[in-house]
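Peer 1: Sharing a structure here in C-alpha cells format.
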Amino acid sequence: MGYIHIPLMDIINILIGKIFGNFHFIENTNETYQAVIFDIRLPRILTCAGVGAALAVSGGLFQGILLNPLADPYTLGVSAGAAFGACIAILLNLSAAFVSVPLFAFIGACTTLFLVIFLSYSSKNSISGLSSNNLILSGIIVAAILSAGISFLKFIANEQVSVIIFWLMGSFASKTWLDVIVVMTFLVIGFFISLFFARDLNLISLGAKSATSLGVDLKKVTIILLVTGSMLAAICVSVSGIIGFVGLLVPHTVRFVTGPDNRKLIPLSMLMGAALLLFADTITRAVLPHEIPIGVLTALTGGPIFCWIFKKNRFK
Amino acid sequence: MKLNLHNISFSYDHDMTINHINCSFISGNFYSILGPNGSGKTTLLDLMSGFLKPDTGHIDMNQTPILSLTKKELAKKIALVSQDYIINFSFSVKDVVMMGRHPYIPRFSHPSASDREKVTEMMKITGILHLQDRKINELSGGERQRCVFARALCQDTQILLLDEAFSNMDINHTLQMLRLVKRSVKEKEKLVISVFHDLNLASSWSDALLMLKNGEIKTFGNSQDVLTQQAIKDVFNVTSIVEFNEHVKSKQVYYPSI
C-alpha cells in the first residue's frame with residue numbers, strides 16, 4: 001500500500017469531527033485521508049492497544065495463579081490450541097467465510113484450556129488437584145501434542161503453508177472495527193473480574209493452604225481467574241496471532257515498580273501492555289523499511305530483555 | 001467451645017490416611033499431635049482447618065459443622081500455621097501479616113486503624129517489628145515462620161492449628177512463641193492444636209497428647225499419663241527412657257545412645 005503523508009491538522013480535524021459527529025471539521029479534508037485514518041489506522045491502533053492490554057492482564061493473572069513470576073498467557077497451551085484451530089480453518093480453506101480463522105482459533109484455545117483443566121483436576125482432591133505444578137505440566141503436555149499436530153498440518157498444507165506461517169507470526173494489518181469491539185469487550189470484562197479478585201490473588205501467592213485458611217475459596221477463585229486469563233489470551237491470539245513476551249515481560253517488569261500487590265499490578269500492567277505493543281506495532285509499520293510480523297519483533301526484542309532480567313535477578 | 005471429630009476418614013489414593021477418628025478438643029487447652037512421618041498428622045490438621053473434606057464423618061464446632069460455614073466465616077474461627085511458608089513474590093512482611101486481617105476487611109476497602117494496630121501489635125509480640133519493611137522472600141526460614149505465625153494471630157481466632165510451626169526457629173524464638181501461645185490458651189480460653197516432632201517440648205508445654213500411627217489414634221489424654229516408654233515403643237518403634245524431670249515439671253524422654 002505504501003505511505004501517505006497526512007498533515008497533522010487534518011488528522012486532528014478528522015478525529016474530532018468523527019468522534020463528536022461534527023462535520024464542520026471534516027468538510028475540508030480529503031476523503032482518502034478520512035478512510036485511512038478512520039477505517040484503517042484507528043481500528044489497527046485500538047486493536048493493538050487492546051491486545052497489548054489483554055495480554056498483560058492475562059500474564060499477570062497466570063503469574064499469580066501459577067505462583068510463578070515467569071508464567072505467561074501461553075503457559076497453559078492456549079496459543080498452541082489457537083494456532084491448531086487456525087491451521088485447520090486455513091487448511092480447510094474456510095478463510096473465505098471471513099470470521100472462520102479467528103473463530104476456529106478461539107474454539108481451539110478454549111478446547112485446549114478445558115482439556116488442561118480437566119487433566120490437572122482430580123475430583124478426589126479438588127483443591128490441591130488444580131495445583132500450579134499440575135497445571136503447568138498439563139499445559140506443556142497438551143502444547144507439545146498440538147505443536148506436533150501443527151507441524152503435521154503444515155506438512156500436508158502444500159501451498160497454504162505460507163498462510164499458516166504468516167498467521168502464526170501475528171499481525172495487526174487489516175483490523176476492522178469488529179476486531180476492536182470484540183477485543184475491548186473481552187478486555188473490559190476480564191479487567192473487572194481480575195480487579196474484583198485481585199486481593200484473593202494476593203493471598204493465593206501465600207500457598208494453597210494459607211490462602212484457604214485465610215478465607216479464600218481457592219477452587220472457585222482459581223477456576224474463575226484461569227478462565228478469565230485464558231479467554232483474554234484466546235481472544236488476543238485469535239485476533240492477532242501469537243504475540244509472545246508481552247504477557248510475560250510486562251507484569252514481570254511492572255512488579256519491580258508496584259511490588260507484587262495485584263490491586264496495583266493489574267491496572268498498571270494493562271496500561272503498560274497497551275503502550276508497549278502499540279509502540280512495537282508502530283515500529284513494525286512506520287519505522288522499519290518493510291513491515292515485519294509483530295510476533296517476530298516482540299520475541300526478538302523481548303527474548304533478550306527477558307534473559308537479561310532473568311540472569312540479573314537470579315544472582316541478586 | 002468444643003471441636004468434635006465424628007468418625008473422620010480420609011484417603012488420598014487407596015491407602016487410608018486417616019482411619020475412622022473420633023475425638024474432641026476443648027478450648028482452654030493446648031493439644032499436641034505426635035506420630036511418625038506419614039502417620040497423618042498434617043492431614044488431620046488439614047481436615048480440621050477445612051482445607052480437605054473428609055470421606056466419611058464430619059467435624060463440628062459447638063454443633064456447627066465447619067464445612068457449612070463460608071471460607072471467610074471459617075477464617076474468623078480457625079487459623080492455620082501451615083508448612084507452606086515459602087512465598088515466591090516479594091511482599092513486605094507488613095503486607096503478609098496484614099493478610100491475616102483479610103477475613104475482616106471488606107473487598108475494595110482499606111484496612112482500618114484497628115486492623116493496622118492489630119498488625120503492629122502482633123509483629124511486636126512475635127519479634128518481627130524491625131523486619132516489617134523487609135521482603136518476605138529475603139528472610140531466613142525461621143523469620144518467615146514468625147511472620148506466618150503473626151499472620152495467623154492477626155486472624156484473631158478461637159482455634160489455632162500449628163503444623164510444625166516452630167521447625168525452623170531457634171530455641172529462643174521457639175520458647176517465646178510457645179509462651180505466647182500458652183498464655184493465650186490460659187488467659188483467653190483459646191484452643192491450640194500443634195503438630196510436634198520434639199516429644200520433650202510437647203510434653204512440657206501441652207496439656208494433652210494425641211499419638212497417631214497409620215492414621216489411627218494410639219493414645220489420647222493428659223500429657224503426663226500417656227507419655228510412656230511403651231507408647232513411644234508402639235508408635236515410633238524406638239527404645240527410650242521416660243522420667244519425670246524436676247526442672248521442667250513434666251515427663252521427659254531420653255534415648256539411649258546404643
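Simple scheme: letters A, B, ... for chains in C-alpha cells order, numbers from 1 for residues in each chain, numbers from 1 for ligands in the order shown.
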When the cut-off is 7 Å and we count only C-alpha atoms, which residues of chain B are near chain A, given as a PyMOL selection string?
Peer 2: chain B and resi 49+51+71-72+74-75+79-80+82+84+87-91+100+102-103
Peer 1: Give me the residues near Ser223 (chain B) as JSON, numbers by chain, where near means some atom within 8 Å (using only C-alpha atoms) and where sequence neighbours in that chain fewer than 4 positions away do not count.
Peer 2: {"B": [203, 206, 207, 208, 209, 227]}
Peer 1: Write the residues you've just listed into a file as an mmCIF file, in the first residue's frame, and include C-alpha atoms for each of them.
Peer 2:
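Result file follows (out_37.cif):
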data_model
loop_
_atom_site.group_PDB
_atom_site.id
_atom_site.type_symbol
_atom_site.label_atom_id
_atom_site.label_comp_id
_atom_site.auth_asym_id
_atom_site.auth_seq_id
_atom_site.Cartn_x
_atom_site.Cartn_y
_atom_site.Cartn_z
ATOM 1 C CA SER B 203 5.337 -32.936 76.975
ATOM 2 C CA SER B 206 0.921 -29.164 76.198
ATOM 3 C CA ASP B 207 -1.985 -30.242 78.347
ATOM 4 C CA ALA B 208 -2.780 -33.310 76.303
ATOM 5 C CA LEU B 209 -1.060 -35.511 73.736
ATOM 6 C CA LEU B 227 3.769 -40.392 77.598
#
Peer 1: I'd like the interatomic distance between CA of Met122 (chain B) and CA of Met98 (chain B), to a tenth of an Å.
Peer 2: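 Separating CA of Met122 (chain B) from CA of Met98 (chain B) is a distance of 9.9 Å.
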Peer 1: Contacts of region 180-189 of chain A at 12 Å or less, counting only C-alpha atoms, minus same-chain residues fewer than 6 places along, as a PyMOL selection string?
Peer 2: chain A and resi 39-58+102-103+106+172+174+195-196+225+227-240+267+270-271+274
Peer 1: Leaving out Leu297 (chain A) and any residue of its chain fewer than 6 positions from it, which residues lie within 12 Å of it when counting only C-alpha atoms, given as number ranges by chain?
Peer 2: A: 169-171, 242-246, 276-277, 279-285, 288, 291, 303-304
